[in-house]
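Source file: final-v4.txt. Holds: compact mmCIF, C-alpha atoms (C1' of nucleotides).
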```txt
# COMPACT_ATOMS: atom_id res chain seq x y z
CA MET A 1 9.80 64.95 15.33
CA THR A 2 10.32 63.74 11.78
CA THR A 3 13.98 63.17 11.12
CA LEU A 4 15.71 63.15 7.75
CA TRP A 5 15.97 59.38 7.96
CA ASP A 6 12.23 59.01 8.22
CA ARG A 7 11.66 61.30 5.26
CA SER A 8 14.21 59.66 2.97
CA ARG A 9 12.91 56.29 4.01
CA GLN A 10 9.41 57.24 2.97
CA VAL A 11 10.67 58.59 -0.34
CA ALA A 12 12.63 55.40 -0.94
CA VAL A 13 9.59 53.26 -0.19
CA GLU A 14 7.47 55.19 -2.68
CA GLN A 15 10.20 55.02 -5.29
CA ILE A 16 10.64 51.28 -4.92
CA LEU A 17 6.91 50.67 -4.88
CA ASP A 18 6.30 52.66 -8.05
CA THR A 19 9.11 50.90 -9.86
CA ALA A 20 8.00 47.47 -8.72
CA VAL A 21 4.34 47.88 -9.58
CA ARG A 22 5.17 49.36 -12.94
CA LEU A 23 7.41 46.41 -13.81
CA PHE A 24 4.91 43.89 -12.49
CA VAL A 25 2.15 45.36 -14.64
CA GLU A 26 4.39 45.65 -17.69
CA GLN A 27 5.91 42.20 -17.73
CA GLY A 28 4.15 40.15 -15.06
CA TYR A 29 4.95 39.38 -11.47
CA GLU A 30 6.86 36.12 -11.92
CA GLN A 31 8.86 37.49 -14.83
CA THR A 32 10.15 40.41 -12.77
CA THR A 33 13.17 39.73 -10.57
CA ILE A 34 14.20 41.48 -7.41
CA ALA A 35 17.51 42.28 -9.06
CA GLN A 36 15.73 44.17 -11.83
CA ILE A 37 13.57 46.16 -9.43
CA ALA A 38 16.58 47.06 -7.31
CA ARG A 39 18.58 48.10 -10.37
CA GLU A 40 15.84 50.31 -11.79
CA ALA A 41 15.04 51.81 -8.40
CA GLY A 42 18.71 52.60 -7.81
CA ILE A 43 19.12 50.63 -4.64
CA SER A 44 20.93 47.48 -3.60
CA GLN A 45 19.10 44.16 -3.38
CA ARG A 46 20.05 43.93 0.24
CA SER A 47 18.41 47.22 1.11
CA LEU A 48 15.32 46.38 -0.88
CA PHE A 49 14.84 43.32 1.29
CA ARG A 50 15.21 45.52 4.34
CA TYR A 51 12.33 47.73 3.23
CA PHE A 52 10.15 44.87 2.03
CA GLY A 53 10.77 41.55 3.69
CA THR A 54 9.52 39.57 0.72
CA LYS A 55 8.79 40.08 -2.95
CA GLU A 56 5.10 39.59 -2.24
CA ASP A 57 5.14 42.45 0.25
CA LEU A 58 5.81 44.79 -2.66
CA VAL A 59 2.23 44.13 -3.73
CA CYS A 60 0.34 43.36 -0.57
CA GLY A 61 2.64 44.79 2.05
CA ASP A 62 0.94 47.40 4.13
CA GLN A 63 -1.77 45.07 5.30
CA GLU A 64 -0.77 44.91 8.93
CA ALA A 65 -1.74 48.51 9.51
CA LEU A 66 -5.01 48.05 7.67
CA GLY A 67 -5.83 44.98 9.71
CA ALA A 68 -5.30 46.89 12.92
CA LEU A 69 -7.47 49.72 11.61
CA LEU A 70 -10.20 47.26 10.70
CA LYS A 71 -10.18 45.69 14.12
CA ARG A 72 -10.28 49.04 15.89
CA THR A 73 -13.12 50.29 13.74
CA VAL A 74 -15.25 47.21 14.29
CA GLU A 75 -14.62 47.34 18.02
CA GLN A 76 -15.75 50.93 18.21
CA GLN A 77 -19.08 50.45 16.47
CA PRO A 78 -22.09 51.06 18.74
CA ALA A 79 -22.97 47.99 20.76
CA GLU A 80 -26.50 47.73 19.40
CA LEU A 81 -25.20 47.07 15.87
CA SER A 82 -25.29 43.45 14.74
CA PRO A 83 -21.93 41.82 13.95
CA TRP A 84 -22.85 42.02 10.28
CA ASP A 85 -23.36 45.77 10.37
CA ALA A 86 -20.28 46.33 12.49
CA LEU A 87 -18.10 44.38 10.08
CA ARG A 88 -19.62 46.15 7.13
CA ALA A 89 -18.79 49.51 8.68
CA GLY A 90 -15.22 48.38 9.20
CA PHE A 91 -14.76 47.31 5.61
CA GLU A 92 -16.37 50.46 4.30
CA LEU A 93 -13.59 52.41 5.99
CA VAL A 94 -10.73 50.13 5.05
CA LEU A 95 -11.63 49.77 1.39
CA THR A 96 -11.68 53.52 0.91
CA ALA A 97 -8.59 54.29 3.02
CA ASN A 98 -6.39 52.13 0.84
CA HIS A 99 -4.73 53.93 -2.05
CA THR A 100 -5.95 55.74 -5.09
CA PRO A 101 -8.66 53.72 -6.85
CA GLU A 102 -6.49 53.19 -9.93
CA ARG A 103 -3.68 51.75 -7.86
CA VAL A 104 -6.10 49.49 -6.03
CA LEU A 105 -7.45 48.27 -9.35
CA GLU A 106 -3.95 47.61 -10.68
CA LEU A 107 -2.98 45.69 -7.57
CA SER A 108 -6.22 43.73 -7.49
CA ARG A 109 -5.79 42.62 -11.07
CA LEU A 110 -2.23 41.59 -10.29
CA ILE A 111 -3.25 39.63 -7.22
CA PHE A 112 -6.11 37.78 -8.87
CA ALA A 113 -3.97 36.99 -11.90
CA THR A 114 -0.97 35.63 -9.96
CA PRO A 115 -1.58 32.51 -7.88
CA SER A 116 1.36 32.95 -5.52
CA LEU A 117 0.34 36.54 -4.86
CA HIS A 118 -3.24 35.54 -4.34
CA ALA A 119 -2.13 32.99 -1.77
CA ARG A 120 -0.06 35.53 0.11
CA TYR A 121 -2.93 37.99 0.04
CA ILE A 122 -5.25 35.38 1.51
CA GLU A 123 -2.69 34.56 4.14
CA LYS A 124 -2.58 38.16 5.30
CA ARG A 125 -6.33 38.33 5.46
CA LEU A 126 -6.51 35.13 7.47
CA ARG A 127 -4.67 37.05 10.15
CA TRP A 128 -7.33 39.76 10.02
CA GLN A 129 -9.95 37.08 10.43
CA ALA A 130 -8.25 35.57 13.46
CA ASP A 131 -8.00 39.02 15.02
CA LEU A 132 -11.67 39.77 14.42
CA VAL A 133 -13.17 36.55 15.75
CA PRO A 134 -12.88 37.55 19.43
CA VAL A 135 -14.34 40.97 18.68
CA VAL A 136 -17.38 39.43 17.03
CA GLN A 137 -17.66 36.89 19.80
CA VAL A 138 -18.02 39.65 22.36
CA ARG A 139 -20.69 41.28 20.21
CA LEU A 140 -22.58 37.98 20.09
CA GLY A 141 -22.88 38.14 23.85
CA GLY A 142 -20.67 35.19 24.58
CA GLY A 143 -17.94 35.54 27.15
CA VAL A 144 -14.60 36.58 25.75
CA GLY A 145 -12.61 33.75 27.24
CA ALA A 146 -15.16 31.06 26.54
CA THR A 147 -14.56 28.18 24.18
CA PRO A 148 -14.33 29.35 20.59
CA ASP A 149 -17.81 29.99 19.26
CA PRO A 150 -18.43 28.47 15.81
CA ARG A 151 -20.84 31.28 15.09
CA ALA A 152 -18.24 34.04 15.40
CA LYS A 153 -15.76 32.21 13.22
CA ALA A 154 -18.42 31.49 10.62
CA ILE A 155 -19.70 35.05 10.49
CA VAL A 156 -16.24 36.53 10.06
CA ALA A 157 -15.29 33.98 7.43
CA THR A 158 -18.49 34.63 5.52
CA VAL A 159 -18.03 38.39 5.51
CA PHE A 160 -14.52 37.96 4.18
CA ALA A 161 -15.76 35.52 1.55
CA CYS A 162 -18.29 38.09 0.37
CA VAL A 163 -15.74 40.88 0.36
CA ASP A 164 -13.47 38.68 -1.71
CA ALA A 165 -16.24 37.78 -4.15
CA ALA A 166 -17.27 41.41 -4.48
CA THR A 167 -13.68 42.55 -4.98
CA GLU A 168 -13.08 40.03 -7.72
CA LEU A 169 -16.26 41.03 -9.52
CA TRP A 170 -15.30 44.67 -9.13
CA ALA A 171 -11.83 44.06 -10.56
CA GLN A 172 -13.29 42.08 -13.45
CA SER A 173 -15.61 44.97 -14.23
CA GLY A 174 -12.60 47.25 -14.51
CA GLY A 175 -13.73 49.25 -11.50
CA ARG A 176 -16.95 50.35 -13.16
CA LEU A 177 -19.32 48.62 -10.74
CA ASP A 178 -19.76 49.86 -7.20
CA LEU A 179 -17.89 47.77 -4.69
CA ALA A 180 -20.21 48.40 -1.73
CA GLU A 181 -23.23 47.58 -3.85
CA LEU A 182 -21.66 44.32 -5.00
CA TYR A 183 -20.91 43.43 -1.41
CA ASP A 184 -24.51 44.03 -0.39
CA GLN A 185 -25.70 41.86 -3.26
CA CYS A 186 -23.36 39.08 -2.18
CA LEU A 187 -24.38 39.20 1.45
CA GLY A 188 -28.04 39.49 0.49
CA ALA A 189 -27.80 36.29 -1.51
CA VAL A 190 -26.44 34.53 1.54
CA ARG A 191 -28.74 35.85 4.23
CA GLY A 192 -32.23 34.84 3.26
CA ASP A 193 -33.10 37.66 0.87
CA ALA A 194 -33.04 35.17 -1.97
CA MET B 1 -4.08 -2.53 -17.76
CA THR B 2 -1.90 -1.63 -14.78
CA THR B 3 1.74 -1.63 -15.73
CA LEU B 4 4.69 -2.10 -13.39
CA TRP B 5 5.52 1.57 -13.72
CA ASP B 6 2.15 2.59 -12.44
CA ARG B 7 2.48 0.29 -9.45
CA SER B 8 6.00 1.34 -8.47
CA ARG B 9 5.04 4.93 -9.00
CA GLN B 10 2.16 4.55 -6.58
CA VAL B 11 4.43 2.87 -4.04
CA ALA B 12 6.99 5.64 -4.40
CA VAL B 13 4.34 8.31 -3.92
CA GLU B 14 3.10 6.68 -0.73
CA GLN B 15 6.64 6.25 0.54
CA ILE B 16 7.54 9.88 -0.08
CA LEU B 17 4.27 11.11 1.34
CA ASP B 18 4.64 9.11 4.54
CA THR B 19 8.19 10.31 5.05
CA ALA B 20 7.31 13.91 4.35
CA VAL B 21 4.27 14.07 6.60
CA ARG B 22 6.14 12.32 9.41
CA LEU B 23 8.97 14.83 9.22
CA PHE B 24 6.60 17.77 8.92
CA VAL B 25 4.73 16.67 12.02
CA GLU B 26 7.90 15.93 13.95
CA GLN B 27 9.83 19.10 13.28
CA GLY B 28 7.51 21.48 11.49
CA TYR B 29 6.93 22.28 7.84
CA GLU B 30 9.33 25.17 7.43
CA GLN B 31 12.12 23.40 9.30
CA THR B 32 12.00 20.37 7.01
CA THR B 33 14.00 20.62 3.79
CA ILE B 34 13.39 18.84 0.53
CA ALA B 35 16.90 17.41 0.76
CA GLN B 36 16.07 15.75 4.06
CA ILE B 37 12.82 14.25 2.76
CA ALA B 38 14.55 12.91 -0.33
CA ARG B 39 17.39 11.43 1.72
CA GLU B 40 15.09 9.67 4.18
CA ALA B 41 12.75 8.47 1.46
CA GLY B 42 15.67 7.03 -0.50
CA ILE B 43 15.13 8.99 -3.65
CA SER B 44 16.95 11.76 -5.44
CA GLN B 45 15.89 15.34 -4.97
CA ARG B 46 15.33 15.61 -8.70
CA SER B 47 12.87 12.74 -8.77
CA LEU B 48 11.00 14.06 -5.76
CA PHE B 49 10.30 17.23 -7.67
CA ARG B 50 9.02 15.13 -10.54
CA TYR B 51 6.46 13.44 -8.32
CA PHE B 52 5.49 16.60 -6.44
CA GLY B 53 6.00 19.82 -8.29
CA THR B 54 6.32 21.88 -5.11
CA LYS B 55 6.96 21.36 -1.44
CA GLU B 56 3.42 22.45 -0.69
CA ASP B 57 2.03 19.73 -2.93
CA LEU B 58 3.38 17.20 -0.45
CA VAL B 59 0.68 18.39 1.93
CA CYS B 60 -2.17 19.59 -0.24
CA GLY B 61 -1.44 17.90 -3.51
CA ASP B 62 -4.19 15.59 -4.63
CA GLN B 63 -6.85 18.25 -4.74
CA GLU B 64 -7.55 18.30 -8.46
CA ALA B 65 -9.28 14.92 -8.43
CA LEU B 66 -11.33 15.83 -5.38
CA GLY B 67 -12.44 19.07 -6.98
CA ALA B 68 -13.72 17.22 -10.02
CA LEU B 69 -15.55 14.76 -7.77
CA LEU B 70 -17.15 17.60 -5.87
CA LYS B 71 -18.35 19.30 -9.02
CA ARG B 72 -19.81 16.10 -10.42
CA THR B 73 -21.61 15.29 -7.20
CA VAL B 74 -23.16 18.74 -6.90
CA GLU B 75 -24.27 18.65 -10.51
CA GLN B 76 -26.01 15.32 -10.04
CA GLN B 77 -28.09 16.36 -7.05
CA PRO B 78 -31.85 16.45 -7.74
CA ALA B 79 -32.95 19.70 -9.31
CA GLU B 80 -35.41 20.56 -6.57
CA LEU B 81 -32.59 20.83 -4.01
CA SER B 82 -31.50 24.36 -3.11
CA PRO B 83 -27.89 25.31 -3.91
CA TRP B 84 -27.14 25.10 -0.20
CA ASP B 85 -28.34 21.54 0.09
CA ALA B 86 -26.68 20.48 -3.13
CA LEU B 87 -23.33 21.88 -2.01
CA ARG B 88 -23.72 20.28 1.40
CA ALA B 89 -24.29 16.92 -0.21
CA GLY B 90 -21.15 17.37 -2.28
CA PHE B 91 -18.99 18.17 0.70
CA GLU B 92 -20.42 15.32 2.70
CA LEU B 93 -19.05 12.98 0.08
CA VAL B 94 -15.69 14.67 -0.45
CA LEU B 95 -14.83 15.03 3.22
CA THR B 96 -15.29 11.33 3.83
CA ALA B 97 -13.62 10.14 0.63
CA ASN B 98 -10.36 11.82 1.51
CA HIS B 99 -7.92 9.63 3.41
CA THR B 100 -7.99 7.86 6.72
CA PRO B 101 -9.38 10.16 9.42
CA GLU B 102 -6.06 10.22 11.30
CA ARG B 103 -4.18 11.32 8.22
CA VAL B 104 -6.77 14.01 7.54
CA LEU B 105 -6.41 15.23 11.10
CA GLU B 106 -2.62 15.32 10.84
CA LEU B 107 -2.73 17.22 7.59
CA SER B 108 -5.39 19.63 8.85
CA ARG B 109 -3.36 20.46 11.92
CA LEU B 110 -0.34 21.05 9.73
CA ILE B 111 -2.23 23.26 7.33
CA PHE B 112 -3.87 25.38 10.01
CA ALA B 113 -0.62 25.70 11.95
CA THR B 114 1.43 26.85 8.93
CA PRO B 115 0.25 30.13 7.42
CA SER B 116 1.85 29.60 4.03
CA LEU B 117 0.33 26.14 3.77
CA HIS B 118 -3.07 27.41 4.82
CA ALA B 119 -2.95 30.07 2.15
CA ARG B 120 -1.91 27.63 -0.54
CA TYR B 121 -4.64 25.25 0.54
CA ILE B 122 -7.28 27.94 0.23
CA GLU B 123 -5.87 28.93 -3.12
CA LYS B 124 -6.35 25.40 -4.42
CA ARG B 125 -9.89 25.46 -3.18
CA LEU B 126 -10.53 28.75 -4.96
CA ARG B 127 -10.21 26.71 -8.12
CA TRP B 128 -12.96 24.43 -6.87
CA GLN B 129 -15.04 27.50 -6.19
CA ALA B 130 -14.56 28.82 -9.72
CA ASP B 131 -15.63 25.45 -11.11
CA LEU B 132 -18.73 25.36 -8.94
CA VAL B 133 -20.03 28.86 -9.60
CA PRO B 134 -21.58 28.01 -12.99
CA VAL B 135 -23.17 24.89 -11.51
CA VAL B 136 -24.81 26.91 -8.76
CA GLN B 137 -25.80 29.60 -11.23
CA VAL B 138 -27.78 27.07 -13.25
CA ARG B 139 -29.48 25.90 -10.07
CA LEU B 140 -30.42 29.49 -9.27
CA GLY B 141 -32.38 29.59 -12.49
CA GLY B 142 -30.16 32.08 -14.28
CA GLY B 143 -28.98 31.33 -17.77
CA VAL B 144 -25.63 29.57 -17.94
CA GLY B 145 -23.96 31.99 -20.28
CA ALA B 146 -25.31 35.13 -18.66
CA THR B 147 -23.15 37.69 -16.92
CA PRO B 148 -21.60 36.29 -13.74
CA ASP B 149 -24.19 36.33 -11.00
CA PRO B 150 -22.89 37.77 -7.70
CA ARG B 151 -25.32 35.51 -5.87
CA ALA B 152 -23.78 32.28 -7.15
CA LYS B 153 -20.27 33.44 -6.35
CA ALA B 154 -21.33 34.56 -2.90
CA ILE B 155 -23.12 31.34 -2.05
CA VAL B 156 -20.21 29.18 -3.11
CA ALA B 157 -17.70 31.37 -1.27
CA THR B 158 -19.81 31.27 1.87
CA VAL B 159 -20.14 27.50 1.84
CA PHE B 160 -16.38 27.17 1.51
CA ALA B 161 -15.84 29.68 4.28
CA CYS B 162 -18.07 27.64 6.58
CA VAL B 163 -16.37 24.39 5.61
CA ASP B 164 -13.06 25.99 6.42
CA ALA B 165 -14.26 27.30 9.78
CA ALA B 166 -15.78 23.95 10.67
CA THR B 167 -12.65 22.09 9.64
CA GLU B 168 -10.44 24.30 11.77
CA LEU B 169 -12.69 23.84 14.79
CA TRP B 170 -12.73 20.11 14.16
CA ALA B 171 -8.93 19.97 13.95
CA GLN B 172 -8.61 22.03 17.12
CA SER B 173 -10.89 19.58 18.91
CA GLY B 174 -8.55 16.77 17.95
CA GLY B 175 -11.22 15.20 15.77
CA ARG B 176 -13.57 14.62 18.67
CA LEU B 177 -16.34 16.92 17.48
CA ASP B 178 -18.48 16.00 14.51
CA LEU B 179 -17.49 17.82 11.37
CA ALA B 180 -20.93 17.82 9.73
CA GLU B 181 -22.51 19.11 12.92
CA LEU B 182 -19.97 21.92 13.15
CA TYR B 183 -20.65 22.83 9.56
CA ASP B 184 -24.37 23.03 10.22
CA GLN B 185 -23.72 25.26 13.23
CA CYS B 186 -21.56 27.54 11.12
CA LEU B 187 -24.04 27.82 8.31
CA GLY B 188 -26.87 28.26 10.78
CA ALA B 189 -25.11 31.24 12.34
CA VAL B 190 -24.86 32.81 8.91
CA ARG B 191 -28.33 32.12 7.56
CA GLY B 192 -30.76 33.78 9.91
CA ASP B 193 -31.15 31.00 12.48
CA ALA B 194 -29.38 33.18 15.01
C1' DC C 1 33.19 72.70 14.43
C1' DG C 2 34.75 68.11 15.78
C1' DC C 3 33.64 63.81 17.57
C1' DC C 4 31.27 59.89 19.11
C1' DT C 5 27.22 57.11 18.73
C1' DA C 6 23.32 55.08 16.30
C1' DC C 7 21.47 53.72 12.36
C1' DT C 8 21.67 52.60 7.52
C1' DT C 9 23.66 50.78 3.38
C1' DG C 10 25.92 47.66 0.20
C1' DG C 11 28.69 43.70 -0.90
C1' DC C 12 29.68 38.87 -0.04
C1' DA C 13 28.65 34.31 1.09
C1' DT C 14 25.15 30.95 1.96
C1' DT C 15 20.80 28.38 2.00
C1' DA C 16 16.65 26.42 0.02
C1' DA C 17 13.31 25.77 -3.52
C1' DC C 18 13.09 24.90 -8.04
C1' DT C 19 14.33 24.06 -13.32
C1' DG C 20 16.81 22.50 -17.57
C1' DC C 21 19.84 19.33 -19.51
C1' DC C 22 21.93 15.01 -20.41
C1' DA C 23 23.54 10.43 -19.86
C1' DG C 24 22.33 5.97 -18.28
C1' DA C 25 19.07 2.37 -16.54
C1' DA C 26 14.85 -0.06 -16.76
C1' DA C 27 10.44 -1.38 -18.58
C1' DA C 28 7.39 -1.98 -22.92
C1' DG C 29 6.41 -3.47 -27.27
C1' DC C 30 7.44 -6.27 -31.24
C1' DG D 1 16.71 -10.00 -28.44
C1' DC D 2 16.39 -5.48 -30.06
C1' DT D 3 14.33 -1.05 -30.43
C1' DT D 4 11.67 2.49 -28.41
C1' DT D 5 9.68 4.74 -24.67
C1' DT D 6 9.83 6.24 -20.10
C1' DC D 7 11.95 7.04 -15.80
C1' DT D 8 15.96 8.26 -12.83
C1' DG D 9 19.92 10.72 -10.94
C1' DG D 10 23.43 14.03 -11.04
C1' DC D 11 24.99 18.56 -12.11
C1' DA D 12 24.83 23.24 -13.03
C1' DG D 13 22.19 27.37 -12.78
C1' DT D 14 18.38 30.71 -11.31
C1' DT D 15 15.81 33.17 -7.82
C1' DA D 16 14.23 34.56 -3.35
C1' DA D 17 15.81 35.35 1.10
C1' DT D 18 19.09 35.70 5.33
C1' DG D 19 23.37 36.61 8.11
C1' DC D 20 27.55 39.05 8.56
C1' DC D 21 30.72 42.69 8.30
C1' DA D 22 32.83 46.88 6.77
C1' DA D 23 31.93 51.51 5.24
C1' DG D 24 29.08 55.50 5.07
C1' DT D 25 25.89 58.98 6.99
C1' DA D 26 22.70 61.43 10.06
C1' DG D 27 22.03 63.02 15.01
C1' DG D 28 23.30 64.65 19.35
C1' DC D 29 26.71 66.95 22.32
C1' DG D 30 30.63 69.35 24.19
```

Just dump the structure as structure tokens.
Amino acid sequence: MTTLWDRSRQVAVEQILDTAVRLFVEQGYEQTTIAQIAREAGISQRSLFRYFGTKEDLVCGDQEALGALLKRTVEQQPAELSPWDALRAGFELVLTANHTPERVLELSRLIFATPSLHARYIEKRLRWQADLVPVVQVRLGGGVGATPDPRAKAIVATVFACVDAATELWAQSGGRLDLAELYDQCLGAVRGDA
Amino acid sequence: MTTLWDRSRQVAVEQILDTAVRLFVEQGYEQTTIAQIAREAGISQRSLFRYFGTKEDLVCGDQEALGALLKRTVEQQPAELSPWDALRAGFELVLTANHTPERVLELSRLIFATPSLHARYIEKRLRWQADLVPVVQVRLGGGVGATPDPRAKAIVATVFACVDAATELWAQSGGRLDLAELYDQCLGAVRGDA
DNA sequence: CGCCTACTTGGCATTAACTGCCAGAAAAGC
DNA sequence: GCTTTTCTGGCAGTTAATGCCAAGTAGGCG
């Protein structure tokens, strides 16, 4: 059952998030202090840090859930799919299940424009990569407990690199280009179509 | 001419760097404070921050020079080389021109073991990537001032992803495996050899 | 309803990474 | 030797983040 605490918590999260993103976009990430966000969101600094462990989490916070979703989706792809196709299917789901497109565009711009944010974003995705390597390794036919297979690590890293390249191009285009199409172009340039 | 300031500066940098890396390895990056490094290196905290702008720079600092070297090397490869081969040649040079192998191993372990360091390290290398994209784009035959070519961005990102994967595997092996060989395995897994 | 428990909240103090400022020391140049 | 430039150290201050404790508030139960 959903208690009042859960509901008010969710409302508070939304409220804080809206305030934070608005301020970040208006005046820049570094120029916005936690104190200001807390003040404008009508909450104490201490509580803000309880909702979002770090300032960076206000922008790229809910990545843990997405990472788990990605892993599950890739795992559940039919066994005859190549690792490339399985990973592509996973990203197709994750990239659409994110937020509204406008919010994603706002956040992407912010992340690519702010080095410290970009670093934190990469850090979160490195965790996704580590989680996915064993999944891909199984799909490659290697034993699961065997020594780490360079191929699995390389494939996962490459897919993420192409997703990153496509996302940056998409953000630079102001969201006009199609993200999936950009990704296919990127991967095509890498895998012998050239 | 080399002035006394330049010399003592270089000595100080080495001194600080040795102290910092030793402490990081002994007790971990996060557990080591700037105050402790400054104390043990016999320098004031204020001066330490003048030599190294951030704590992370103590580990992955001197990357700007290497990035320039990489770009120059790739540019000067013969025109008939594919982008892949040109980039490989560049990395071959950079990876050996770094430090002593033991120091590289120490630093690599540190970077891969500390998420925030790993992220910052990748962020620095994203700058290298941005510098290299136009170089690769020329090599692909596209005009230099044309709209950004997804292919160039994807190729560069993929090469870096494979270098990263190979480096991590190399560090995990304690430096016993051959880095160039690992890189070739990684890239082979990506480019249709599989 | 009244009460006890569990969880949340906010304020306070503290730490750690930085930054700006200023006075003093040391090297450079003449 | 004297002036100018550059470096150094200390000090205060800012910001993100954490621990602690007292006060408030929802939830369950007799």

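Within 7 Å of chain A, chain B contributes the residues B:Pro115, B:Ser116, B:Ala119, B:Arg120, B:Glu123, B:Pro150, B:Arg151, B:Lys153, B:Ala154, B:Ile155, B:Ala157, B:Thr158, B:Ala161, B:Cys162, B:Ala165, B:Gln185, B:Cys186, B:Ala189, B:Val190, B:Arg191, B:Gly192, using only C-alpha atoms.
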
Give the residues of chain A that lie within 9 Å of chain C; count all atoms listed in the file, and format the answer as a tab-separated table (two decimals) with C-alpha atoms, in the frame of the given file.
```
chain	number	residue	atom	x	y	z
A	5	TRP	CA	15.97	59.38	7.96
A	43	ILE	CA	19.12	50.63	-4.64
A	44	SER	CA	20.93	47.48	-3.60
A	45	GLN	CA	19.10	44.16	-3.38
A	46	ARG	CA	20.05	43.93	0.24
A	47	SER	CA	18.41	47.22	1.11
```

Select from chain A every residue with an atom at most 9 Å from any atom of chain D, then for each give the shortest pair of atoms and their distance in Å to one decimal, using all atoms listed in the file, rows by chain and rising number, as a Markdown table.
```
| residue | atom | partner | partner_atom | distance |
| --- | --- | --- | --- | --- |
| A:Thr3 | CA | D:DG27 | C1' | 8.9 |
| A:Leu4 | CA | D:DA26 | C1' | 7.6 |
| A:Trp5 | CA | D:DA26 | C1' | 7.3 |
| A:Thr33 | CA | D:DT15 | C1' | 7.6 |
| A:Ile34 | CA | D:DA16 | C1' | 8.0 |
| A:Phe49 | CA | D:DA17 | C1' | 8.0 |
| A:Gly53 | CA | D:DA17 | C1' | 8.4 |
| A:Thr54 | CA | D:DA17 | C1' | 7.6 |
| A:Lys55 | CA | D:DA16 | C1' | 7.8 |
```

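Put simply, atom CA of A:Glu26 is 13.4 Å away from atom CA of A:Ala113.
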
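Atom CA of A:Thr114 to atom CA of B:Gly90 spans 28.3 Å [interatomic distance, one decimal].
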
Point to revise | Computed interatomic separation between atom CA of B:Val94 and atom CA of B:Leu23 (Å) | key: 26.5 Å
